[in-house]
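Participant: Next up, protein35.tsv (TSV, C-alpha atoms).
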```tsv
chain	number	residue	atom	x	y	z
D	22	MET	CA	102.35	-110.60	21.69
D	23	THR	CA	102.63	-109.57	25.32
D	24	VAL	CA	99.55	-110.27	27.41
D	25	THR	CA	98.52	-107.38	29.64
D	26	THR	CA	97.84	-107.76	33.34
D	27	ASN	CA	94.12	-107.11	32.90
D	28	GLN	CA	93.86	-109.79	30.23
D	29	ARG	CA	95.66	-112.21	32.49
D	30	THR	CA	93.36	-111.62	35.43
D	31	THR	CA	90.23	-112.07	33.35
D	32	GLN	CA	91.43	-115.33	31.86
D	33	THR	CA	92.68	-116.96	35.05
D	34	GLU	CA	89.33	-116.46	36.79
D	35	LYS	CA	88.11	-119.51	34.88
D	36	PRO	CA	88.30	-122.71	36.96
D	37	ALA	CA	89.68	-124.89	34.13
D	38	TRP	CA	93.12	-125.14	35.71
D	39	GLN	CA	91.64	-126.62	38.88
D	40	GLN	CA	89.94	-129.35	36.88
D	41	ALA	CA	93.13	-129.98	34.93
D	42	VAL	CA	95.52	-130.46	37.85
D	43	ARG	CA	93.37	-132.60	40.15
D	44	HIS	CA	93.90	-135.76	38.06
D	45	TYR	CA	97.65	-135.63	38.77
D	46	GLN	CA	97.62	-134.80	42.48
D	47	HIS	CA	98.54	-138.24	43.76
D	48	SER	CA	101.82	-140.08	44.06
D	49	ASP	CA	102.78	-143.57	42.90
D	50	THR	CA	104.75	-145.29	45.64
D	51	TRP	CA	106.88	-147.46	43.37
D	52	THR	CA	107.67	-144.57	41.06
D	53	SER	CA	108.81	-142.55	44.06
D	54	VAL	CA	110.92	-145.42	45.40
D	55	TRP	CA	112.52	-145.94	42.00
D	56	GLN	CA	113.33	-142.23	41.76
D	57	ILE	CA	115.06	-142.39	45.14
D	58	PHE	CA	117.08	-145.38	43.96
D	59	ASN	CA	118.14	-143.89	40.61
D	60	SER	CA	119.09	-140.60	42.26
D	61	VAL	CA	120.72	-141.49	45.58
D	62	VAL	CA	122.69	-144.57	44.51
D	63	PRO	CA	124.45	-142.85	41.56
D	64	TYR	CA	125.18	-139.86	43.81
D	65	PHE	CA	127.11	-141.98	46.33
D	66	VAL	CA	128.82	-144.03	43.62
D	67	LEU	CA	130.06	-140.79	42.03
D	68	TRP	CA	131.08	-139.48	45.46
D	69	TYR	CA	133.27	-142.53	45.94
D	70	LEU	CA	134.72	-142.25	42.43
D	71	ALA	CA	135.50	-138.58	43.06
D	72	TYR	CA	137.38	-139.59	46.21
D	73	ARG	CA	139.38	-142.27	44.40
D	74	SER	CA	140.16	-139.85	41.57
D	75	LEU	CA	142.13	-137.70	44.01
D	76	GLU	CA	144.94	-140.19	43.43
D	77	VAL	CA	144.90	-139.37	39.71
D	78	SER	CA	144.05	-135.70	39.14
D	79	TYR	CA	141.99	-133.08	40.93
D	80	LEU	CA	140.68	-131.92	37.57
D	81	LEU	CA	139.18	-135.39	37.18
D	82	THR	CA	137.73	-135.06	40.68
D	83	LEU	CA	136.05	-131.79	39.72
D	84	GLY	CA	134.64	-133.38	36.56
D	85	ILE	CA	133.13	-136.24	38.55
D	86	ALA	CA	131.90	-133.74	41.14
D	87	LEU	CA	129.95	-131.95	38.40
D	88	PHE	CA	127.99	-135.12	37.63
D	89	ALA	CA	127.54	-135.87	41.31
D	90	GLY	CA	126.22	-132.32	41.70
D	91	LEU	CA	123.61	-133.00	39.02
D	92	PHE	CA	122.40	-136.00	40.99
D	93	GLY	CA	122.53	-133.84	44.11
D	94	MET	CA	120.16	-131.43	42.39
D	95	ARG	CA	117.84	-134.34	41.54
D	96	ILE	CA	117.92	-135.46	45.18
D	97	PHE	CA	116.96	-131.89	46.15
D	98	ILE	CA	113.85	-132.23	43.95
D	99	ILE	CA	112.88	-135.33	45.96
D	100	PHE	CA	113.49	-133.32	49.15
D	101	HIS	CA	111.40	-130.50	47.65
D	102	ASP	CA	108.48	-132.81	46.81
D	103	CYS	CA	108.56	-134.30	50.31
D	104	GLY	CA	108.27	-130.76	51.68
D	105	HIS	CA	105.09	-130.30	49.66
D	106	GLY	CA	103.73	-133.67	50.82
D	107	SER	CA	103.53	-134.84	47.21
D	108	PHE	CA	106.22	-137.54	46.99
D	109	PHE	CA	104.42	-140.17	49.08
D	110	LYS	CA	100.83	-140.56	50.23
D	111	SER	CA	102.07	-140.93	53.81
D	112	ARG	CA	103.02	-137.77	55.67
D	113	ARG	CA	105.41	-139.78	57.80
D	114	ALA	CA	107.18	-141.19	54.72
D	115	ASN	CA	107.48	-137.70	53.24
D	116	ASN	CA	109.00	-136.37	56.45
D	117	ILE	CA	111.48	-139.23	56.90
D	118	VAL	CA	112.72	-139.08	53.30
D	119	GLY	CA	112.69	-135.27	53.48
D	120	VAL	CA	114.95	-135.22	56.55
D	121	ILE	CA	117.39	-137.73	55.03
D	122	THR	CA	117.60	-136.03	51.63
D	123	GLY	CA	117.90	-132.71	53.47
D	124	ILE	CA	121.05	-133.96	55.17
D	125	ILE	CA	122.45	-135.08	51.81
D	126	THR	CA	121.74	-131.63	50.34
D	127	PHE	CA	122.84	-129.67	53.46
D	128	THR	CA	119.32	-128.28	54.00
D	129	PRO	CA	117.27	-128.47	57.23
D	130	TYR	CA	113.98	-130.03	56.14
D	131	TYR	CA	111.39	-128.43	58.43
D	132	ALA	CA	112.94	-124.96	58.36
D	133	TRP	CA	113.19	-125.02	54.56
D	134	ARG	CA	109.66	-126.42	54.19
D	135	GLN	CA	108.18	-123.51	56.11
D	136	ALA	CA	110.11	-120.85	54.16
D	137	HIS	CA	109.23	-122.51	50.85
D	138	ALA	CA	105.55	-122.63	51.78
D	139	VAL	CA	105.72	-118.86	52.32
D	140	HIS	CA	107.33	-118.51	48.87
D	141	HIS	CA	104.43	-120.39	47.25
D	142	ALA	CA	101.87	-118.29	49.11
D	143	THR	CA	103.49	-114.95	48.25
D	144	ALA	CA	105.29	-115.35	44.89
D	145	GLY	CA	104.67	-112.26	42.77
D	146	ASP	CA	103.27	-110.23	45.69
D	147	LEU	CA	105.16	-106.93	45.98
D	148	ASP	CA	103.96	-106.41	49.53
D	149	ARG	CA	105.07	-109.81	50.82
D	150	ARG	CA	108.62	-110.13	49.53
D	151	GLY	CA	111.54	-111.35	51.57
D	152	THR	CA	111.04	-115.02	52.48
D	153	GLY	CA	112.23	-117.81	50.22
D	154	ASP	CA	112.73	-115.62	47.16
D	155	ILE	CA	115.35	-113.70	45.17
D	156	TRP	CA	115.91	-110.15	46.47
D	157	THR	CA	113.97	-108.03	43.98
D	158	LEU	CA	113.34	-104.27	44.14
D	159	THR	CA	111.11	-102.06	42.06
D	160	TYR	CA	112.73	-99.38	39.93
D	161	ASP	CA	111.49	-96.63	42.27
D	162	GLU	CA	112.69	-98.48	45.38
D	163	TYR	CA	116.15	-98.92	43.90
D	164	LYS	CA	116.41	-95.25	42.91
D	165	THR	CA	115.60	-94.12	46.47
D	166	LEU	CA	118.31	-96.27	48.07
D	167	SER	CA	121.51	-94.75	49.39
D	168	ARG	CA	124.57	-95.23	47.21
D	169	TRP	CA	125.95	-97.96	49.49
D	170	LYS	CA	122.67	-99.89	49.48
D	171	GLN	CA	122.54	-99.63	45.69
D	172	ILE	CA	126.04	-101.11	45.59
D	173	SER	CA	124.91	-103.92	47.90
D	174	TYR	CA	121.97	-104.67	45.64
D	175	ARG	CA	124.18	-104.64	42.56
D	176	LEU	CA	126.62	-107.02	44.22
D	177	TYR	CA	123.79	-109.36	45.20
D	178	ARG	CA	122.41	-109.37	41.64
D	179	ASN	CA	125.84	-109.83	40.05
D	180	PRO	CA	125.79	-113.22	38.22
D	181	PHE	CA	129.08	-114.36	39.78
D	182	ILE	CA	127.78	-113.61	43.28
D	183	ILE	CA	124.24	-114.91	42.87
D	184	PHE	CA	125.13	-118.11	40.97
D	185	VAL	CA	128.64	-119.01	42.18
D	186	ILE	CA	129.56	-117.47	45.54
D	187	GLY	CA	126.09	-116.97	47.01
D	188	PRO	CA	124.82	-120.57	46.72
D	189	VAL	CA	127.85	-121.97	48.54
D	190	ILE	CA	127.50	-119.39	51.32
D	191	ASP	CA	123.79	-120.17	51.58
D	192	PHE	CA	123.96	-123.97	51.71
D	193	VAL	CA	127.24	-124.34	53.62
D	194	ILE	CA	126.95	-121.44	56.09
D	195	LEU	CA	123.55	-119.69	56.23
D	196	GLN	CA	121.57	-122.94	56.37
D	197	ARG	CA	123.56	-123.77	59.53
D	198	LEU	CA	122.31	-120.70	61.42
D	199	PRO	CA	119.07	-121.14	63.45
D	200	TRP	CA	118.35	-117.39	63.50
D	201	VAL	CA	118.18	-117.35	59.70
D	202	CYS	CA	115.13	-119.65	59.91
D	203	ALA	CA	112.03	-117.55	59.19
D	204	SER	CA	109.81	-119.67	61.43
D	205	ASP	CA	109.34	-119.32	65.17
D	206	LYS	CA	108.11	-122.91	65.58
D	207	PRO	CA	110.44	-125.02	67.75
D	208	ARG	CA	110.40	-127.95	65.29
D	209	ASP	CA	111.51	-125.72	62.42
D	210	LYS	CA	114.27	-124.12	64.50
D	211	ASN	CA	115.36	-127.48	65.90
D	212	SER	CA	115.60	-128.99	62.43
D	213	VAL	CA	118.54	-126.67	61.79
D	214	ALA	CA	120.36	-127.93	64.89
D	215	TRP	CA	119.63	-131.60	64.16
D	216	THR	CA	120.76	-131.24	60.54
D	217	ASN	CA	123.95	-129.54	61.73
D	218	LEU	CA	124.58	-132.36	64.20
D	219	ALA	CA	124.07	-134.97	61.47
D	220	LEU	CA	126.43	-133.15	59.09
D	221	LEU	CA	129.04	-132.74	61.83
D	222	THR	CA	128.83	-136.46	62.64
D	223	ILE	CA	129.23	-137.36	58.96
D	224	ALA	CA	132.19	-134.98	58.61
D	225	ILE	CA	133.93	-136.49	61.67
D	226	VAL	CA	133.34	-140.07	60.53
D	227	MET	CA	134.50	-139.35	56.98
D	228	SER	CA	137.55	-137.49	58.27
D	229	LEU	CA	138.52	-140.52	60.35
D	230	LEU	CA	137.95	-142.86	57.40
D	231	ILE	CA	139.53	-140.92	54.53
D	232	GLY	CA	140.96	-137.74	56.07
D	233	TRP	CA	139.40	-134.32	56.58
D	234	LYS	CA	141.23	-132.76	53.65
D	235	GLU	CA	140.08	-135.47	51.26
D	236	TYR	CA	136.51	-135.18	52.54
D	237	LEU	CA	136.43	-131.43	51.93
D	238	LEU	CA	138.13	-131.71	48.52
D	239	VAL	CA	135.27	-133.95	47.38
D	240	GLN	CA	132.26	-132.63	49.29
D	241	ILE	CA	132.76	-128.90	48.78
D	242	PRO	CA	132.84	-128.97	44.94
D	243	ILE	CA	129.84	-131.34	44.86
D	244	ILE	CA	127.70	-129.09	47.06
D	245	ALA	CA	128.97	-126.06	45.13
D	246	MET	CA	127.95	-127.59	41.80
D	247	ALA	CA	124.54	-128.71	43.05
D	248	SER	CA	123.72	-125.44	44.81
D	249	SER	CA	124.85	-123.24	41.91
D	250	ILE	CA	122.75	-125.13	39.38
D	251	GLY	CA	119.82	-125.20	41.78
D	252	VAL	CA	119.93	-121.45	42.42
D	253	TRP	CA	120.18	-120.82	38.68
D	254	LEU	CA	117.03	-122.89	38.11
D	255	PHE	CA	115.20	-121.09	40.90
D	256	TYR	CA	116.24	-117.74	39.46
D	257	VAL	CA	114.99	-118.36	35.93
D	258	GLN	CA	111.74	-119.81	37.25
D	259	HIS	CA	110.69	-116.36	38.49
D	260	GLN	CA	113.18	-113.80	37.16
D	261	TYR	CA	112.44	-113.04	33.53
D	262	GLU	CA	111.30	-109.92	31.73
D	263	ASN	CA	107.60	-110.59	31.36
D	264	THR	CA	107.05	-112.10	34.79
D	265	TYR	CA	104.29	-111.14	37.24
D	266	TRP	CA	104.41	-108.76	40.21
D	267	GLU	CA	101.45	-106.96	41.78
D	268	HIS	CA	100.66	-105.24	45.05
D	269	HIS	CA	98.68	-107.37	47.46
D	270	GLU	CA	95.29	-105.81	46.76
D	271	ASP	CA	95.62	-106.72	43.07
D	272	TRP	CA	97.55	-109.95	43.53
D	273	ASP	CA	95.96	-113.22	42.39
D	274	PHE	CA	97.27	-116.70	43.22
D	275	ALA	CA	96.46	-118.40	39.91
D	276	THR	CA	97.68	-115.47	37.85
D	277	ALA	CA	100.93	-115.35	39.83
D	278	ALA	CA	101.44	-119.09	39.26
D	279	LEU	CA	100.71	-119.07	35.53
D	280	TYR	CA	102.51	-115.85	34.65
D	281	GLY	CA	105.04	-115.41	37.43
D	282	SER	CA	106.49	-118.91	37.07
D	283	SER	CA	108.19	-119.98	33.87
D	284	TYR	CA	107.85	-123.02	31.69
D	285	PHE	CA	111.60	-123.54	31.34
D	286	LYS	CA	112.02	-125.92	28.42
D	287	LEU	CA	115.21	-127.90	28.91
D	288	PRO	CA	116.93	-130.64	26.91
D	289	LYS	CA	115.62	-134.04	28.05
D	290	VAL	CA	118.75	-134.95	29.99
D	291	LEU	CA	118.67	-131.70	31.98
D	292	GLN	CA	114.92	-132.07	32.43
D	293	TRP	CA	115.57	-135.47	34.00
D	294	PHE	CA	118.28	-134.19	36.35
D	295	SER	CA	116.12	-131.23	37.37
D	296	GLY	CA	113.11	-133.43	38.11
D	297	ASN	CA	110.78	-131.68	35.64
D	298	ILE	CA	110.94	-128.52	37.74
D	299	GLY	CA	110.97	-126.53	34.48
D	300	PHE	CA	107.19	-127.02	34.38
D	301	HIS	CA	107.16	-124.48	37.16
D	302	HIS	CA	103.93	-122.75	36.20
D	303	ILE	CA	102.09	-126.01	36.84
D	304	HIS	CA	104.03	-126.70	40.03
D	305	HIS	CA	103.00	-123.34	41.48
D	306	LEU	CA	99.38	-123.94	40.58
D	307	SER	CA	99.45	-127.32	42.29
D	308	PRO	CA	102.48	-128.23	44.43
D	309	ARG	CA	100.71	-131.49	45.33
D	310	ILE	CA	101.60	-132.90	41.91
D	311	PRO	CA	104.75	-135.08	42.22
D	312	ASN	CA	107.58	-134.05	39.93
D	313	TYR	CA	107.25	-137.14	37.73
D	314	LYS	CA	103.68	-136.20	36.75
D	315	LEU	CA	104.29	-132.56	35.83
D	316	GLU	CA	105.21	-133.29	32.21
D	317	ASN	CA	102.09	-135.37	31.61
D	318	CYS	CA	99.95	-132.67	33.18
D	319	HIS	CA	101.52	-130.16	30.81
D	320	ASN	CA	101.28	-132.27	27.67
D	321	GLU	CA	97.74	-133.49	28.24
D	322	ASN	CA	96.12	-130.11	28.96
D	323	GLU	CA	96.00	-127.34	26.39
D	324	ILE	CA	95.47	-124.76	29.12
D	325	PHE	CA	99.14	-125.07	30.12
D	326	GLN	CA	100.61	-124.70	26.64
D	327	VAL	CA	102.44	-121.42	27.17
D	328	GLN	CA	105.42	-119.99	25.32
D	329	PRO	CA	108.46	-121.73	26.80
D	330	LEU	CA	111.44	-119.96	28.30
D	331	THR	CA	114.41	-121.20	26.29
D	332	LEU	CA	118.01	-121.61	27.41
D	333	ARG	CA	118.97	-118.59	25.30
D	334	ALA	CA	116.27	-116.40	26.85
D	335	SER	CA	117.20	-117.63	30.32
D	336	ILE	CA	120.77	-116.42	29.80
D	337	GLN	CA	119.44	-113.06	28.62
D	338	SER	CA	117.45	-112.81	31.84
D	339	MET	CA	120.69	-112.23	33.76
D	340	ARG	CA	120.58	-108.61	32.61
D	341	ILE	CA	117.29	-107.83	34.32
D	342	ARG	CA	117.59	-106.19	37.71
D	343	VAL	CA	114.46	-104.33	38.93
D	344	TRP	CA	110.70	-104.39	38.42
D	345	ASP	CA	109.27	-101.50	36.40
D	346	GLU	CA	105.79	-100.91	37.79
D	347	ASP	CA	104.90	-98.54	34.94
D	348	ARG	CA	105.45	-101.10	32.19
D	349	HIS	CA	104.88	-104.29	34.21
D	350	LYS	CA	108.18	-105.92	33.33
D	351	MET	CA	111.66	-106.52	34.68
D	352	ILE	CA	114.30	-104.13	33.36
D	353	GLY	CA	117.95	-103.24	33.96
D	354	TYR	CA	118.97	-100.51	36.37
D	355	TYR	CA	117.90	-97.80	33.92
D	356	LYS	CA	114.81	-97.13	31.86
D	357	PRO	CA	115.23	-96.68	28.11
D	358	GLY	CA	116.34	-93.15	27.31
D	359	GLU	CA	117.96	-92.43	30.64
D	360	GLU	CA	121.46	-91.04	30.55
D	361	HIS	CA	124.07	-93.81	30.61
D	362	GLY	CA	121.17	-96.24	30.59
D	363	GLU	CA	121.30	-99.83	29.47
D	364	GLU	CA	119.60	-100.64	26.20
D	365	HIS	CA	116.48	-102.70	26.72
D	366	THR	CA	114.20	-104.15	24.10
D	367	GLU	CA	110.48	-103.58	24.21
D	368	GLU	CA	109.95	-107.16	23.08
D	369	ALA	CA	109.61	-109.39	26.12
D	370	LEU	CA	112.14	-112.14	26.60
D	371	TYR	CA	109.35	-114.47	27.64
D	372	PRO	CA	106.03	-113.47	26.03
D	373	LEU	CA	103.20	-115.66	27.26
D	374	GLU	CA	100.44	-116.60	24.86
D	375	PRO	CA	98.34	-119.12	26.76
D	376	ASN	CA	95.16	-120.82	25.74
D	377	LEU	CA	93.04	-120.57	28.87
D	378	GLY	CA	89.92	-122.15	27.51
D	379	ALA	CA	87.28	-123.39	29.92
```
Could you render the structure from this file as structure tokens?
Facilitator:
Amino acid sequence: MTVTTNQRTTQTEKPAWQQAVRHYQHSDTWTSVWQIFNSVVPYFVLWYLAYRSLEVSYLLTLGIALFAGLFGMRIFIIFHDCGHGSFFKSRRANNIVGVITGIITFTPYYAWRQAHAVHHATAGDLDRRGTGDIWTLTYDEYKTLSRWKQISYRLYRNPFIIFVIGPVIDFVILQRLPWVCASDKPRDKNSVAWTNLALLTIAIVMSLLIGWKEYLLVQIPIIAMASSIGVWLFYVQHQYENTYWEHHEDWDFATAALYGSSYFKLPKVLQWFSGNIGFHHIHHLSPRIPNYKLENCHNENEIFQVQPLTLRASIQSMRIRVWDEDRHKMIGYYKPGEEHGEEHTEEALYPLEPNLGA
């Protein structure tokens, strides 16, 4: 069954979710420290092994880089939690660890934190798109574009571009540009410059130690792996058929969190590497919950037991392109019945059937 927008709004007006999340909105220092250890140490060990494997086979290097990229993604979750102030009780500790993990993941901490805060405040709001989100147009907006802009949009939404080429361009190039930062605050702008300086220093030192070619042959595939997987996760967390979009006057924060953010059920090993970020509906309701408490919050509260987004359904979501305001769902570039249109099932890829009891 697909839940209608009106049903959603009525149900999420109940304050039960606020009572449910507050018990998990505190960090455990030793758990956080242990997560840093079991994420950062394996990352650098694998980095070294990838470098040494250059003497054997570059295919072996790429295989090791894949695993290092998985740990890089886990480090990004730590960086992400620091940006929300949820990883440590101390703001200073969050900022220090956030800056360091940001350098490891090629992401300026303060600039990213500001853009991501905008994403949390505007996710699902049709009138506040454009910062920290995936470029998404409505069906009518797409149809009114010029042919060249339609081609640009199609290129952007092409899976090879959005999941392979785009992430590398974003993390290696765009994150280096101060004018890409959405904030006008000096600290946010300066964080881009300081991160660039740190990365340049690391690149120079590593080039002197092992050679610039060797450094790039190891670092580029690792950042490519980590960024591609990370962008894929971010995509499926908000881009699925039965997601939530409303204009600002009808937009509701809790509804957008519960219905516009997926519960992406992953195999345990991938859940571990992704830092439980698949429980994204809970994370958007309460970003102050550290990643290692999201699963318990989900399992111990019936209110969050929604239909999961499976791996199979997440792959199917690659065929959605625009938001159909008439039917309140993501569709391809054509509506059913249009000439040369893409076939599209009326059954939602991700039907939500929550129990929102008080």
Participant: Could you check which of D:Ile223, D:Leu218, D:Met94, D:Ile182 is closest to Phe255 in chain D, using all atoms listed in the file?
Facilitator: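 Of the candidates, the smallest distance to Phe255 in chain D is held by D:Met94.
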Participant: What is the distance, in Å and to one decimal place, between CA of Ile194 in chain D and CA of Arg178 in chain D?
Facilitator: 19.4 Å
Participant: Need to verify the contact set: Phe109 in chain D, 9 Å, all atoms listed in the file, exclusion of same-chain residues closer than 6 positions in sequence. Can you return it as a list in words?
Facilitator: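 My reading of the contact set: His47, Ser48, Asp49, Thr50, Ser53, Asp102, Cys103, Asn115 and Pro311 of chain D.
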Participant: Measuring between only C-alpha atoms, which one of D:Phe88, D:Trp38, D:Tyr69, D:Trp233 shows the shortest distance to Phe294 in chain D?
Facilitator: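 Checking each candidate against Phe294 in chain D, we get D:Phe88 as the closest.
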Participant: Calculate how many Å separate CA of Thr126 in chain D from CA of Leu198 in chain D, rounding to one decimal.
Facilitator: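 Those two atoms sit 15.6 Å apart.
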Participant: Kindly give the distance, in Å, that separates CA of Thr143 in chain D and CA of Asn217 in chain D, rounded to a single decimal.
Facilitator: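 CA of Asn217 in chain D lies 28.5 Å from CA of Thr143 in chain D.
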Participant: Nearest to Gly151 in chain D among D:Ile124, D:Met227, D:Ala203, D:Ala114, with distances taken over all atoms listed in the file: which residue is it?
Facilitator: D:Ala203
Participant: Smallest atom-to-atom distance to Thr264 in chain D: which of D:Arg112, D:Lys206, D:Arg348, D:Arg150, using all atoms listed in the file?
Facilitator: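 Looking at the shortest contact to Thr264 in chain D, the residue is D:Arg348.
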Participant: Do a neighbour search on range 265-276 of chain D at 8 Å with only C-alpha atoms, toss out local chain neighbours closer than 2 positions, and write the hits as an MDAnalysis selection string.
Facilitator: chainID D and resid 29:30 33 142 145:149 263 278:281 306 344 349:350
Participant: Measuring between only C-alpha atoms, which one of D:Asn312, D:Ser111, D:Ser338, D:Gln240 shows the shortest distance to Val257 in chain D?
Facilitator: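 Counting only C-alpha atoms, the residue closest to Val257 in chain D is D:Ser338.
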Participant: Need to verify the contact set: range 57-64 of chain D, 12 Å, only C-alpha atoms, exclusion of same-chain residues closer than 5 positions in sequence. Can you return it as a VMD selection string?
Facilitator: chain D and resid 50 to 52 69 to 71 85 to 100 102 to 103 108 to 109 118 to 119 121 to 122 125 to 126 240 243 to 244 247 293 to 296 313
Participant: Looking at D:Phe65, D:Glu235, D:His140, D:Pro180, which one is nearest to Ala277 in chain D, with distances taken over all atoms listed in the file?
Facilitator: D:His140
Participant: List the spatial neighbours of Asn317 in chain D as a PDB file with C-alpha atoms, in the coordinates of the input - criterion: any atom at most 12 Å away, only C-alpha atoms, same-chain residues fewer than 2 positions off excluded.
Facilitator:
```
ATOM      1  CA  ALA D  41      93.130-129.980  34.930  1.00  0.00           C
ATOM      2  CA  VAL D  42      95.520-130.460  37.850  1.00  0.00           C
ATOM      3  CA  HIS D  44      93.900-135.760  38.060  1.00  0.00           C
ATOM      4  CA  TYR D  45      97.650-135.630  38.770  1.00  0.00           C
ATOM      5  CA  GLN D  46      97.620-134.800  42.480  1.00  0.00           C
ATOM      6  CA  ASN D 297     110.780-131.680  35.640  1.00  0.00           C
ATOM      7  CA  PHE D 300     107.190-127.020  34.380  1.00  0.00           C
ATOM      8  CA  ILE D 303     102.090-126.010  36.840  1.00  0.00           C
ATOM      9  CA  ILE D 310     101.600-132.900  41.910  1.00  0.00           C
ATOM     10  CA  PRO D 311     104.750-135.080  42.220  1.00  0.00           C
ATOM     11  CA  ASN D 312     107.580-134.050  39.930  1.00  0.00           C
ATOM     12  CA  TYR D 313     107.250-137.140  37.730  1.00  0.00           C
ATOM     13  CA  LYS D 314     103.680-136.200  36.750  1.00  0.00           C
ATOM     14  CA  LEU D 315     104.290-132.560  35.830  1.00  0.00           C
ATOM     15  CA  HIS D 319     101.520-130.160  30.810  1.00  0.00           C
ATOM     16  CA  ASN D 320     101.280-132.270  27.670  1.00  0.00           C
ATOM     17  CA  GLU D 321      97.740-133.490  28.240  1.00  0.00           C
ATOM     18  CA  ASN D 322      96.120-130.110  28.960  1.00  0.00           C
ATOM     19  CA  GLU D 323      96.000-127.340  26.390  1.00  0.00           C
ATOM     20  CA  PHE D 325      99.140-125.070  30.120  1.00  0.00           C
ATOM     21  CA  GLN D 326     100.610-124.700  26.640  1.00  0.00           C
TER      22      GLN D 326
END
```
